[in-house]
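**Q** PDB, C-alpha atoms and all ligand atoms, file work_18.pdb:
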```
ATOM      1  CA  MET O  23     -26.882  15.128   1.816  1.00  0.00           C
ATOM      2  CA  ALA O  24     -27.801  11.873   0.150  1.00  0.00           C
ATOM      3  CA  SER O  25     -25.484  10.292  -2.371  1.00  0.00           C
ATOM      4  CA  PRO O  26     -26.481  10.728  -6.004  1.00  0.00           C
ATOM      5  CA  PRO O  27     -28.760   7.860  -7.041  1.00  0.00           C
ATOM      6  CA  GLU O  28     -26.316   6.515  -9.635  1.00  0.00           C
ATOM      7  CA  HIS O  29     -23.845   5.934  -6.820  1.00  0.00           C
ATOM      8  CA  ALA O  30     -26.208   4.209  -4.452  1.00  0.00           C
ATOM      9  CA  PRO O  31     -24.896   0.657  -4.952  1.00  0.00           C
ATOM     10  CA  LEU O  32     -21.393   1.496  -3.676  1.00  0.00           C
ATOM     11  CA  ALA O  33     -22.745   3.321  -0.642  1.00  0.00           C
ATOM     12  CA  GLU O  34     -25.042   0.382   0.078  1.00  0.00           C
ATOM     13  CA  ARG O  35     -22.115  -1.991  -0.250  1.00  0.00           C
ATOM     14  CA  VAL O  36     -20.129   0.015   2.287  1.00  0.00           C
ATOM     15  CA  GLU O  37     -23.107   0.244   4.662  1.00  0.00           C
ATOM     16  CA  GLU O  38     -23.435  -3.547   4.536  1.00  0.00           C
ATOM     17  CA  LEU O  39     -19.747  -4.011   5.274  1.00  0.00           C
ATOM     18  CA  LEU O  40     -19.854  -1.629   8.229  1.00  0.00           C
ATOM     19  CA  ALA O  41     -23.031  -3.166   9.617  1.00  0.00           C
ATOM     20  CA  ALA O  42     -21.128  -6.310  10.582  1.00  0.00           C
ATOM     21  CA  GLY O  43     -18.907  -4.275  12.962  1.00  0.00           C
ATOM     22  CA  GLY O  44     -15.248  -4.933  13.768  1.00  0.00           C
ATOM     23  CA  PRO O  45     -12.413  -5.337  11.285  1.00  0.00           C
ATOM     24  CA  LEU O  46     -13.551  -5.800   7.684  1.00  0.00           C
ATOM     25  CA  PRO O  47     -12.849  -9.076   5.857  1.00  0.00           C
ATOM     26  CA  ILE O  48      -9.784  -8.718   3.632  1.00  0.00           C
ATOM     27  CA  VAL O  49     -10.122  -9.902   0.053  1.00  0.00           C
ATOM     28  CA  ALA O  50      -7.372 -12.233  -1.190  1.00  0.00           C
ATOM     29  CA  ALA O  51      -5.687 -12.514  -4.583  1.00  0.00           C
ATOM     30  CA  GLY O  52      -7.908 -14.206  -7.112  1.00  0.00           C
ATOM     31  CA  GLN O  53     -10.889 -11.943  -6.453  1.00  0.00           C
ATOM     32  CA  PRO O  54     -11.627  -9.723  -9.475  1.00  0.00           C
ATOM     33  CA  VAL O  55     -12.115  -6.604  -7.327  1.00  0.00           C
ATOM     34  CA  LEU O  56      -8.339  -6.557  -6.769  1.00  0.00           C
ATOM     35  CA  ARG O  57      -7.730  -6.471 -10.518  1.00  0.00           C
ATOM     36  CA  GLN O  58     -10.428  -4.258 -11.971  1.00  0.00           C
ATOM     37  CA  GLY O  59      -9.269  -0.817 -10.874  1.00  0.00           C
ATOM     38  CA  THR O  60     -11.326   1.725  -8.972  1.00  0.00           C
ATOM     39  CA  GLU O  61     -13.690   4.644  -9.482  1.00  0.00           C
ATOM     40  CA  PRO O  62     -12.287   8.030  -8.540  1.00  0.00           C
ATOM     41  CA  TYR O  63     -13.891   9.154  -5.276  1.00  0.00           C
ATOM     42  CA  ASP O  64     -16.227  12.067  -5.924  1.00  0.00           C
ATOM     43  CA  GLY O  65     -18.617  11.939  -3.000  1.00  0.00           C
ATOM     44  CA  GLN O  66     -20.206   8.526  -3.622  1.00  0.00           C
ATOM     45  CA  LEU O  67     -20.329   7.826   0.130  1.00  0.00           C
ATOM     46  CA  GLY O  68     -21.104  11.267   1.488  1.00  0.00           C
ATOM     47  CA  PRO O  69     -19.007  12.775   4.316  1.00  0.00           C
ATOM     48  CA  ALA O  70     -20.484  10.766   7.204  1.00  0.00           C
ATOM     49  CA  LEU O  71     -20.240   7.367   5.529  1.00  0.00           C
ATOM     50  CA  LEU O  72     -16.785   8.187   4.172  1.00  0.00           C
ATOM     51  CA  SER O  73     -15.655   8.993   7.688  1.00  0.00           C
ATOM     52  CA  ARG O  74     -17.023   5.705   9.027  1.00  0.00           C
ATOM     53  CA  PHE O  75     -15.481   3.774   6.132  1.00  0.00           C
ATOM     54  CA  VAL O  76     -12.069   5.359   6.700  1.00  0.00           C
ATOM     55  CA  GLU O  77     -12.229   4.461  10.395  1.00  0.00           C
ATOM     56  CA  ALA O  78     -13.095   0.869   9.462  1.00  0.00           C
ATOM     57  CA  LEU O  79     -10.156   0.736   7.038  1.00  0.00           C
ATOM     58  CA  ARG O  80      -7.900   2.006   9.792  1.00  0.00           C
ATOM     59  CA  ALA O  81      -9.175  -0.543  12.318  1.00  0.00           C
ATOM     60  CA  THR O  82      -8.810  -3.328   9.757  1.00  0.00           C
ATOM     61  CA  MET O  83      -5.248  -2.255   8.934  1.00  0.00           C
ATOM     62  CA  HIS O  84      -4.352  -2.209  12.637  1.00  0.00           C
ATOM     63  CA  ALA O  85      -5.943  -5.589  13.308  1.00  0.00           C
ATOM     64  CA  ALA O  86      -4.226  -7.298  10.366  1.00  0.00           C
ATOM     65  CA  PRO O  87      -1.663  -5.803  11.188  1.00  0.00           C
ATOM     66  CA  GLY O  88      -0.435  -3.885   8.168  1.00  0.00           C
ATOM     67  CA  VAL O  89       1.013  -0.501   7.201  1.00  0.00           C
ATOM     68  CA  GLY O  90      -1.482   0.273   4.468  1.00  0.00           C
ATOM     69  CA  LEU O  91      -4.863  -0.830   3.164  1.00  0.00           C
ATOM     70  CA  ALA O  92      -6.668   0.052  -0.053  1.00  0.00           C
ATOM     71  CA  ALA O  93     -10.448   0.033  -0.471  1.00  0.00           C
ATOM     72  CA  PRO O  94     -10.435  -2.802  -3.059  1.00  0.00           C
ATOM     73  CA  GLN O  95      -8.822  -5.005  -0.412  1.00  0.00           C
ATOM     74  CA  VAL O  96     -12.122  -4.926   1.454  1.00  0.00           C
ATOM     75  CA  GLY O  97     -14.075  -5.352  -1.766  1.00  0.00           C
ATOM     76  CA  VAL O  98     -14.859  -1.682  -2.420  1.00  0.00           C
ATOM     77  CA  PRO O  99     -13.748  -0.379  -5.847  1.00  0.00           C
ATOM     78  CA  LEU O 100     -13.187   3.238  -4.807  1.00  0.00           C
ATOM     79  CA  ARG O 101      -9.919   5.175  -5.122  1.00  0.00           C
ATOM     80  CA  ILE O 102      -9.258   5.421  -1.386  1.00  0.00           C
ATOM     81  CA  ALA O 103      -6.463   4.016   0.787  1.00  0.00           C
ATOM     82  CA  VAL O 104      -5.071   4.465   4.281  1.00  0.00           C
ATOM     83  CA  ILE O 105      -1.469   4.248   5.476  1.00  0.00           C
ATOM     84  CA  GLU O 106       0.198   4.235   8.893  1.00  0.00           C
ATOM     85  CA  ASP O 107       3.518   2.765   9.996  1.00  0.00           C
ATOM     86  CA  PRO O 108       4.927   3.021  13.512  1.00  0.00           C
ATOM     87  CA  ALA O 109       8.109   1.396  12.083  1.00  0.00           C
ATOM     88  CA  PRO O 110       8.845  -1.013  14.955  1.00  0.00           C
ATOM     89  CA  VAL O 111      12.095  -2.357  13.492  1.00  0.00           C
ATOM     90  CA  PRO O 112      15.727  -2.499  14.646  1.00  0.00           C
ATOM     91  CA  GLU O 113      17.761   0.648  14.036  1.00  0.00           C
ATOM     92  CA  GLN O 114      20.011  -0.994  11.421  1.00  0.00           C
ATOM     93  CA  VAL O 115      16.976  -2.131   9.423  1.00  0.00           C
ATOM     94  CA  ALA O 116      15.281   1.242   9.767  1.00  0.00           C
ATOM     95  CA  VAL O 117      18.353   3.040   8.434  1.00  0.00           C
ATOM     96  CA  ALA O 118      18.944   0.670   5.501  1.00  0.00           C
ATOM     97  CA  ARG O 119      15.322   0.748   4.393  1.00  0.00           C
ATOM     98  CA  GLY O 120      14.500   4.334   5.238  1.00  0.00           C
ATOM     99  CA  ARG O 121      11.789   2.995   7.483  1.00  0.00           C
ATOM    100  CA  VAL O 122      10.811   6.124   9.337  1.00  0.00           C
ATOM    101  CA  PRO O 123       7.493   6.329  11.184  1.00  0.00           C
ATOM    102  CA  GLN O 124       4.610   7.300   8.914  1.00  0.00           C
ATOM    103  CA  PRO O 125       1.632   8.902  10.670  1.00  0.00           C
ATOM    104  CA  PHE O 126      -1.897   7.862   9.738  1.00  0.00           C
ATOM    105  CA  ARG O 127      -3.006   9.315   6.435  1.00  0.00           C
ATOM    106  CA  VAL O 128      -6.009   8.943   4.174  1.00  0.00           C
ATOM    107  CA  LEU O 129      -5.222   8.965   0.455  1.00  0.00           C
ATOM    108  CA  VAL O 130      -8.138   9.964  -1.782  1.00  0.00           C
ATOM    109  CA  ASN O 131      -7.616   9.702  -5.546  1.00  0.00           C
ATOM    110  CA  PRO O 132      -3.842   9.386  -5.181  1.00  0.00           C
ATOM    111  CA  VAL O 133      -1.498   9.207  -8.152  1.00  0.00           C
ATOM    112  CA  TYR O 134       2.293   9.046  -7.981  1.00  0.00           C
ATOM    113  CA  GLU O 135       5.178   9.836 -10.254  1.00  0.00           C
ATOM    114  CA  PRO O 136       8.879   9.114  -9.724  1.00  0.00           C
ATOM    115  CA  VAL O 137      11.230  11.828  -8.516  1.00  0.00           C
ATOM    116  CA  GLY O 138      14.681  11.130  -9.939  1.00  0.00           C
ATOM    117  CA  GLY O 139      15.791   7.741 -11.185  1.00  0.00           C
ATOM    118  CA  ASP O 140      16.857   5.953  -8.008  1.00  0.00           C
ATOM    119  CA  ARG O 141      15.385   2.558  -7.241  1.00  0.00           C
ATOM    120  CA  ALA O 142      15.220   0.747  -3.908  1.00  0.00           C
ATOM    121  CA  ALA O 143      14.683  -3.024  -3.718  1.00  0.00           C
ATOM    122  CA  PHE O 144      13.417  -4.775  -0.601  1.00  0.00           C
ATOM    123  CA  PHE O 145      11.152  -7.611   0.453  1.00  0.00           C
ATOM    124  CA  GLU O 146       7.539  -6.580   0.837  1.00  0.00           C
ATOM    125  CA  GLY O 147       4.262  -8.367   1.397  1.00  0.00           C
ATOM    126  CA  CYS O 148       0.554  -7.740   1.006  1.00  0.00           C
ATOM    127  CA  LEU O 149      -2.453  -8.463   3.197  1.00  0.00           C
ATOM    128  CA  SER O 150      -4.210  -9.783   0.087  1.00  0.00           C
ATOM    129  CA  VAL O 151      -1.399 -12.278  -0.576  1.00  0.00           C
ATOM    130  CA  PRO O 152      -1.038 -13.731   2.912  1.00  0.00           C
ATOM    131  CA  GLY O 153       1.985 -15.828   3.824  1.00  0.00           C
ATOM    132  CA  TRP O 154       4.367 -14.605   1.137  1.00  0.00           C
ATOM    133  CA  GLN O 155       6.891 -11.869   0.439  1.00  0.00           C
ATOM    134  CA  ALA O 156       8.969 -10.902  -2.575  1.00  0.00           C
ATOM    135  CA  VAL O 157      11.543  -8.288  -3.506  1.00  0.00           C
ATOM    136  CA  VAL O 158      10.234  -5.308  -5.438  1.00  0.00           C
ATOM    137  CA  ALA O 159      12.460  -2.628  -6.937  1.00  0.00           C
ATOM    138  CA  ARG O 160      10.487   0.588  -6.583  1.00  0.00           C
ATOM    139  CA  HIS O 161      11.077   4.274  -7.107  1.00  0.00           C
ATOM    140  CA  ALA O 162      13.127   5.496  -4.161  1.00  0.00           C
ATOM    141  CA  GLU O 163      11.257   8.800  -4.177  1.00  0.00           C
ATOM    142  CA  VAL O 164       7.824   9.705  -5.511  1.00  0.00           C
ATOM    143  CA  ARG O 165       5.598  12.725  -5.736  1.00  0.00           C
ATOM    144  CA  LEU O 166       2.090  11.809  -4.580  1.00  0.00           C
ATOM    145  CA  ARG O 167      -0.877  13.934  -5.560  1.00  0.00           C
ATOM    146  CA  GLY O 168      -4.526  13.632  -4.628  1.00  0.00           C
ATOM    147  CA  ALA O 169      -6.621  14.700  -1.672  1.00  0.00           C
ATOM    148  CA  ASP O 170      -7.291  13.778   1.922  1.00  0.00           C
ATOM    149  CA  GLU O 171     -10.617  12.629   3.384  1.00  0.00           C
ATOM    150  CA  ARG O 172     -11.797  16.232   3.717  1.00  0.00           C
ATOM    151  CA  GLY O 173     -10.978  17.075   0.132  1.00  0.00           C
ATOM    152  CA  ARG O 174      -7.866  19.064   0.977  1.00  0.00           C
ATOM    153  CA  THR O 175      -5.168  18.920  -1.678  1.00  0.00           C
ATOM    154  CA  LEU O 176      -2.412  16.382  -1.181  1.00  0.00           C
ATOM    155  CA  ASP O 177       0.852  17.077  -3.011  1.00  0.00           C
ATOM    156  CA  GLU O 178       3.834  15.624  -1.223  1.00  0.00           C
ATOM    157  CA  VAL O 179       7.156  13.934  -1.881  1.00  0.00           C
ATOM    158  CA  PHE O 180       7.670  10.611  -0.110  1.00  0.00           C
ATOM    159  CA  THR O 181      11.019   8.881   0.360  1.00  0.00           C
ATOM    160  CA  GLY O 182      12.237   5.707   2.056  1.00  0.00           C
ATOM    161  CA  TRP O 183       9.707   3.159   3.272  1.00  0.00           C
ATOM    162  CA  PRO O 184       6.763   5.569   3.150  1.00  0.00           C
ATOM    163  CA  ALA O 185       7.481   5.950  -0.604  1.00  0.00           C
ATOM    164  CA  ARG O 186       7.198   2.164  -0.915  1.00  0.00           C
ATOM    165  CA  ILE O 187       3.931   2.116   1.020  1.00  0.00           C
ATOM    166  CA  VAL O 188       2.258   4.817  -1.058  1.00  0.00           C
ATOM    167  CA  GLN O 189       3.335   3.119  -4.313  1.00  0.00           C
ATOM    168  CA  HIS O 190       2.023  -0.253  -3.099  1.00  0.00           C
ATOM    169  CA  GLU O 191      -1.336   1.184  -2.023  1.00  0.00           C
ATOM    170  CA  THR O 192      -1.789   3.405  -5.083  1.00  0.00           C
ATOM    171  CA  ASP O 193      -1.008   0.407  -7.292  1.00  0.00           C
ATOM    172  CA  HIS O 194      -3.886  -1.467  -5.602  1.00  0.00           C
ATOM    173  CA  LEU O 195      -6.216   1.291  -6.790  1.00  0.00           C
ATOM    174  CA  ASP O 196      -5.109   0.592 -10.361  1.00  0.00           C
ATOM    175  CA  GLY O 197      -5.647  -3.171 -10.028  1.00  0.00           C
ATOM    176  CA  THR O 198      -1.931  -3.899  -9.639  1.00  0.00           C
ATOM    177  CA  LEU O 199      -0.535  -6.273  -7.012  1.00  0.00           C
ATOM    178  CA  TYR O 200       3.059  -6.056  -5.790  1.00  0.00           C
ATOM    179  CA  LEU O 201       3.695  -9.465  -7.338  1.00  0.00           C
ATOM    180  CA  ASP O 202       3.237  -7.877 -10.770  1.00  0.00           C
ATOM    181  CA  ARG O 203       6.366  -5.809 -10.083  1.00  0.00           C
ATOM    182  CA  ALA O 204       8.312  -8.337  -7.998  1.00  0.00           C
ATOM    183  CA  GLU O 205      11.375 -10.391  -8.875  1.00  0.00           C
ATOM    184  CA  PRO O 206       9.745 -13.824  -9.322  1.00  0.00           C
ATOM    185  CA  ARG O 207      12.774 -15.721  -8.038  1.00  0.00           C
ATOM    186  CA  SER O 208      12.695 -13.768  -4.770  1.00  0.00           C
ATOM    187  CA  LEU O 209       9.290 -15.188  -3.774  1.00  0.00           C
ATOM    188  CA  ALA O 210       9.605 -16.495  -0.211  1.00  0.00           C
ATOM    189  CA  THR O 211       7.310 -17.558   2.585  1.00  0.00           C
ATOM    190  CA  ASN O 212       7.097 -15.326   5.644  1.00  0.00           C
ATOM    191  CA  GLU O 213       8.857 -18.133   7.505  1.00  0.00           C
ATOM    192  CA  ALA O 214      11.750 -18.183   5.035  1.00  0.00           C
ATOM    193  CA  VAL O 215      12.125 -14.406   5.193  1.00  0.00           C
ATOM    194  CA  ALA O 216      12.172 -14.490   8.995  1.00  0.00           C
ATOM    195  CA  ALA O 217      14.630 -17.383   9.144  1.00  0.00           C
ATOM    196  CA  LEU O 218      16.948 -16.490   6.256  1.00  0.00           C
ATOM    197  CA  TRP O 219      16.389 -13.039   4.819  1.00  0.00           C
ATOM    198  CA  ALA O 220      15.856 -10.673   7.722  1.00  0.00           C
ATOM    199  CA  GLN O 221      19.040  -8.761   6.887  1.00  0.00           C
ATOM    200  CA  PRO O 222      18.616  -5.012   6.363  1.00  0.00           C
ATOM    201  CA  THR O 223      19.002  -5.427   2.566  1.00  0.00           C
ATOM    202  CA  PRO O 224      18.140  -8.290   0.184  1.00  0.00           C
ATOM    203  CA  HIS O 225      21.686  -8.701  -1.185  1.00  0.00           C
ATOM    204  CA  ALA O 226      22.244 -12.131   0.391  1.00  0.00           C
ATOM    205  CA  ALA O 227      18.834 -13.327  -0.800  1.00  0.00           C
ATOM    206  CA  ALA O 228      19.628 -12.087  -4.319  1.00  0.00           C
ATOM    207  CA  ARG O 229      22.831 -14.119  -4.402  1.00  0.00           C
ATOM    208  CA  ALA O 230      21.297 -17.266  -2.927  1.00  0.00           C
ATOM    209  CA  LEU O 231      18.029 -17.262  -4.841  1.00  0.00           C
ATOM    210  CA  GLY O 232      19.376 -15.798  -8.072  1.00  0.00           C
ATOM    211  CA  PHE O 233      17.520 -12.574  -8.785  1.00  0.00           C
ATOM    212  CA  PRO O 234      18.839  -9.153  -9.851  1.00  0.00           C
ATOM    213  CA  LEU O 235      18.932  -5.984  -7.778  1.00  0.00           C
ATOM    214  CA  PRO O 236      19.184  -2.403  -9.045  1.00  0.00           C
ATOM    215  CA  PRO O 237      22.794  -1.436  -9.891  1.00  0.00           C
ATOM    216  CA  ASP O 238      25.025  -0.346  -7.016  1.00  0.00           C
ATOM    217  CA  GLY O 239      24.502   3.299  -6.326  1.00  0.00           C
ATOM    218  CA  ALA O 240      20.853   3.158  -7.297  1.00  0.00           C
ATOM    219  CA  GLN O 241      20.102   1.254  -4.116  1.00  0.00           C
ATOM    220  CA  LEU O 242      19.326   3.950  -1.599  1.00  0.00           C
ATOM    221  CA  SER O 243      20.281   3.636   2.025  1.00  0.00           C
ATOM    222  CA  ARG O 244      18.717   6.555   3.765  1.00  0.00           C
TER     223      ARG O 244
HETATM  224 ZN    ZN O 301      -1.274  -4.870  -0.640  1.00  0.00          ZN
END
```
Do you think you could lay out the structure here as structure tokens?
**A**
Amino acid sequence: MASPPEHAPLAERVEELLAAGGPLPIVAAGQPVLRQGTEPYDGQLGPALLSRFVEALRATMHAAPGVGLAAPQVGVPLRIAVIEDPAPVPEQVAVARGRVPQPFRVLVNPVYEPVGGDRAAFFEGCLSVPGWQAVVARHAEVRLRGADERGRTLDEVFTGWPARIVQHETDHLDGTLYLDRAEPRSLATNEAVAALWAQPTPHAAARALGFPLPPDGAQLSR
């Protein structure tokens, strides 16, 4: 079935993007599409084009590589994101950060709310802010509601690193970048993080760079 006429421009935009083949170009900070929020997905692309778009998002996320990608990051203002994290990190890091493998998922019209009051603060980065990382204190546990790519209801509690990923990607759909929530004094190049701040937690970075972390006890180590 054809998309409703009023939605044609977005479908055309996606068709153009896919026509080039291969990973999609990733939009960097400074482009308005990352800041203007998204339309809820209600069939604008139709099932076949949605399926092709989701596959392109997945391929782009893999090629980057990244553990999540939101539609605005490829210039498409629709409320759709993909996540997937094989979690290839040392055991000590995985335990401290709750970085368990997250299978591939498509998030359609996701919204999250915190579960409990715990916060977890770690360095994170963004494909739309290449070269940099910063510490963000996020909800340690969230309830995510929405749908999958087939319209099936999504209502799930995420913890650990997957909770961080779904918050980061859902924020993109609201025009929010992780830097908006980050500790400004924690801003570090990828090189600095690799050389100095690869510890399982950001406590040493907090002391050296002078930024606060959530109170002891609120910092989860699952
Ligand atoms: Zn991002």
**Q** Could you list, as a compact mmCIF listing (two decimals) with C-alpha atoms, in the coordinates of the input, every residue within 6 Å of region 153-164 of chain O, counting only C-alpha atoms and ignoring same-chain residues fewer than 5 positions away?
**A**
```txt
# COMPACT_ATOMS: atom_id res chain seq x y z
CA GLU O 135 5.18 9.84 -10.25
CA PRO O 136 8.88 9.11 -9.72
CA VAL O 137 11.23 11.83 -8.52
CA ASP O 140 16.86 5.95 -8.01
CA ARG O 141 15.38 2.56 -7.24
CA ALA O 142 15.22 0.75 -3.91
CA ALA O 143 14.68 -3.02 -3.72
CA PHE O 144 13.42 -4.78 -0.60
CA PHE O 145 11.15 -7.61 0.45
CA GLU O 146 7.54 -6.58 0.84
CA GLY O 147 4.26 -8.37 1.40
CA VAL O 179 7.16 13.93 -1.88
CA PHE O 180 7.67 10.61 -0.11
CA THR O 181 11.02 8.88 0.36
CA ALA O 185 7.48 5.95 -0.60
CA ALA O 204 8.31 -8.34 -8.00
CA GLU O 205 11.38 -10.39 -8.88
CA SER O 208 12.70 -13.77 -4.77
CA LEU O 209 9.29 -15.19 -3.77
CA ALA O 210 9.60 -16.50 -0.21
CA THR O 211 7.31 -17.56 2.58
CA ASN O 212 7.10 -15.33 5.64
```
**Q** Which chains and residue numbers are within 8 Å of ligand ZN 301 (chain O), counting all atoms listed in the file, if I want them as a list in words?
**A** Gly90, Leu91, Ala92, Gln95, Gly147, Cys148, Leu149, Ser150, Val151, His190, Glu191, His194, Leu199 and Tyr200 of chain O
**Q** Decode the PyMOL selection byres (((chain O and resi 167) around 10) and not hetatm) for the given file into explicit residues and return them as a list in words.
**A**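 This file, filtered by the PyMOL selection byres (((chain O and resi 167) around 10) and not hetatm), leaves Leu129, Val130, Asn131, Pro132, Val133, Tyr134, Glu135, Val164, Arg165, Leu166, Gly168, Ala169, Asp170, Thr175, Leu176, Asp177, Glu178 and Val179 of chain O.
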**Q** Write to file, as a PDB file, in the coordinates of the input, the residues of the selection just made, with C-alpha atoms.
**A**
```
ATOM      1  CA  LEU O 129      -5.222   8.965   0.455  1.00  0.00           C
ATOM      2  CA  VAL O 130      -8.138   9.964  -1.782  1.00  0.00           C
ATOM      3  CA  ASN O 131      -7.616   9.702  -5.546  1.00  0.00           C
ATOM      4  CA  PRO O 132      -3.842   9.386  -5.181  1.00  0.00           C
ATOM      5  CA  VAL O 133      -1.498   9.207  -8.152  1.00  0.00           C
ATOM      6  CA  TYR O 134       2.293   9.046  -7.981  1.00  0.00           C
ATOM      7  CA  GLU O 135       5.178   9.836 -10.254  1.00  0.00           C
ATOM      8  CA  VAL O 164       7.824   9.705  -5.511  1.00  0.00           C
ATOM      9  CA  ARG O 165       5.598  12.725  -5.736  1.00  0.00           C
ATOM     10  CA  LEU O 166       2.090  11.809  -4.580  1.00  0.00           C
ATOM     11  CA  GLY O 168      -4.526  13.632  -4.628  1.00  0.00           C
ATOM     12  CA  ALA O 169      -6.621  14.700  -1.672  1.00  0.00           C
ATOM     13  CA  ASP O 170      -7.291  13.778   1.922  1.00  0.00           C
ATOM     14  CA  THR O 175      -5.168  18.920  -1.678  1.00  0.00           C
ATOM     15  CA  LEU O 176      -2.412  16.382  -1.181  1.00  0.00           C
ATOM     16  CA  ASP O 177       0.852  17.077  -3.011  1.00  0.00           C
ATOM     17  CA  GLU O 178       3.834  15.624  -1.223  1.00  0.00           C
ATOM     18  CA  VAL O 179       7.156  13.934  -1.881  1.00  0.00           C
TER      19      VAL O 179
END
```
**Q** Point out the residue among O:Arg121, O:Pro152, O:Pro234, O:Ala227 with the least atom-to-atom distance to Trp183 (chain O), counting all atoms listed in the file.
**A**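 Closest residue, counting all atoms listed in the file: O:Arg121.
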**Q** CA of Thr192 (chain O) to CA of Glu106 (chain O): how many Å, to one decimal?
**A**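 The value is 14.1 Å.
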**Q** If the PyMOL selection byres (((chain O and resi 63-69) around 12) and not hetatm) were run on this exact file, what residues would it hold? Put them as an MDAnalysis selection string.
**A** chainID O and resid 23:37 60:62 70:76 93 98:103 129:132 168:173 195
**Q** Limited to C-alpha atoms, could you put the picked residues into a file as a short mmCIF file (atom, residue, chain, number, x, y, z; two decimals), in the frame of the given file?
**A**
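Now in out-v4.cif:
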```cif
data_model
loop_
_atom_site.label_atom_id
_atom_site.label_comp_id
_atom_site.auth_asym_id
_atom_site.auth_seq_id
_atom_site.Cartn_x
_atom_site.Cartn_y
_atom_site.Cartn_z
CA MET O 23 -26.88 15.13 1.82
CA ALA O 24 -27.80 11.87 0.15
CA SER O 25 -25.48 10.29 -2.37
CA PRO O 26 -26.48 10.73 -6.00
CA PRO O 27 -28.76 7.86 -7.04
CA GLU O 28 -26.32 6.52 -9.64
CA HIS O 29 -23.84 5.93 -6.82
CA ALA O 30 -26.21 4.21 -4.45
CA PRO O 31 -24.90 0.66 -4.95
CA LEU O 32 -21.39 1.50 -3.68
CA ALA O 33 -22.74 3.32 -0.64
CA GLU O 34 -25.04 0.38 0.08
CA ARG O 35 -22.12 -1.99 -0.25
CA VAL O 36 -20.13 0.02 2.29
CA GLU O 37 -23.11 0.24 4.66
CA THR O 60 -11.33 1.72 -8.97
CA GLU O 61 -13.69 4.64 -9.48
CA PRO O 62 -12.29 8.03 -8.54
CA ALA O 70 -20.48 10.77 7.20
CA LEU O 71 -20.24 7.37 5.53
CA LEU O 72 -16.78 8.19 4.17
CA SER O 73 -15.66 8.99 7.69
CA ARG O 74 -17.02 5.70 9.03
CA PHE O 75 -15.48 3.77 6.13
CA VAL O 76 -12.07 5.36 6.70
CA ALA O 93 -10.45 0.03 -0.47
CA VAL O 98 -14.86 -1.68 -2.42
CA PRO O 99 -13.75 -0.38 -5.85
CA LEU O 100 -13.19 3.24 -4.81
CA ARG O 101 -9.92 5.18 -5.12
CA ILE O 102 -9.26 5.42 -1.39
CA ALA O 103 -6.46 4.02 0.79
CA LEU O 129 -5.22 8.96 0.46
CA VAL O 130 -8.14 9.96 -1.78
CA ASN O 131 -7.62 9.70 -5.55
CA PRO O 132 -3.84 9.39 -5.18
CA GLY O 168 -4.53 13.63 -4.63
CA ALA O 169 -6.62 14.70 -1.67
CA ASP O 170 -7.29 13.78 1.92
CA GLU O 171 -10.62 12.63 3.38
CA ARG O 172 -11.80 16.23 3.72
CA GLY O 173 -10.98 17.08 0.13
CA LEU O 195 -6.22 1.29 -6.79
#
```
**Q** So, counting all atoms listed in the file, which residue among O:Leu231, O:Val128, O:Leu218, O:Val122 is closest to Gly182 (chain O)?
**A**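 Nearest candidate to Gly182 (chain O) out of O:Leu231, O:Val128, O:Leu218, O:Val122: O:Val122.
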**Q** From the set O:Pro224, O:Glu38, O:Val96, O:Thr198, which residue has the shortest atom-to-atom contact distance to Val115 (chain O), counting all atoms listed in the file?
**A**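 The closest residue to Val115 (chain O) is O:Pro224.
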**Q** Rank O:Gln189, O:Thr82, O:Gln221, O:Gln124 by their smallest atom-to-atom distance to Pro45 (chain O), using only C-alpha atoms, and report the top residue only.
**A**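 Among the listed residues, O:Thr82 lies closest to Pro45 (chain O).
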**Q** Using all atoms listed in the file, which residues sit within 12 Å of Gln114 (chain O) once same-chain residues fewer than 5 positions away are excluded, as a list of chain:residue names?
**A** O:Arg119, O:Gly120, O:Arg121, O:Val122, O:Ala220, O:Gln221, O:Pro222, O:Thr223, O:Ser243, O:Arg244
**Q** Pick the closest to Ala116 (chain O) from O:Ala217, O:Pro184, O:Gly197, O:Ala42: which is it, counting only C-alpha atoms?
**A** O:Pro184
**Q** Nearest to Gly59 (chain O): which of O:Pro87, O:Gly97, O:Pro236, O:Pro47 is it, counting only C-alpha atoms?
**A**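 Checking each candidate against Gly59 (chain O), we get O:Gly97 as the closest.
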**Q** In Å, with one decimal, what is the gap from CA of Gly232 (chain O) to CA of Arg57 (chain O)?
**A** 28.8 Å
**Q** In Å, how far is it from CA of Asp107 (chain O) to CA of Glu77 (chain O)?
**A**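 So the two atoms, CA of Asp107 (chain O) and CA of Glu77 (chain O), lie 15.8 Å apart.
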**Q** Hey, could you pull the box centre and edge lengths for region 110-125 of chain O, axis-aligned, 5 Å padding per side, all listed atoms, to one decimal in Å, as lines of an AutoDock Vina configuration file?
**A**
```
center_x = 10.8
center_y = 3.2
center_z = 9.7
size_x = 28.4
size_y = 21.4
size_z = 20.6
```
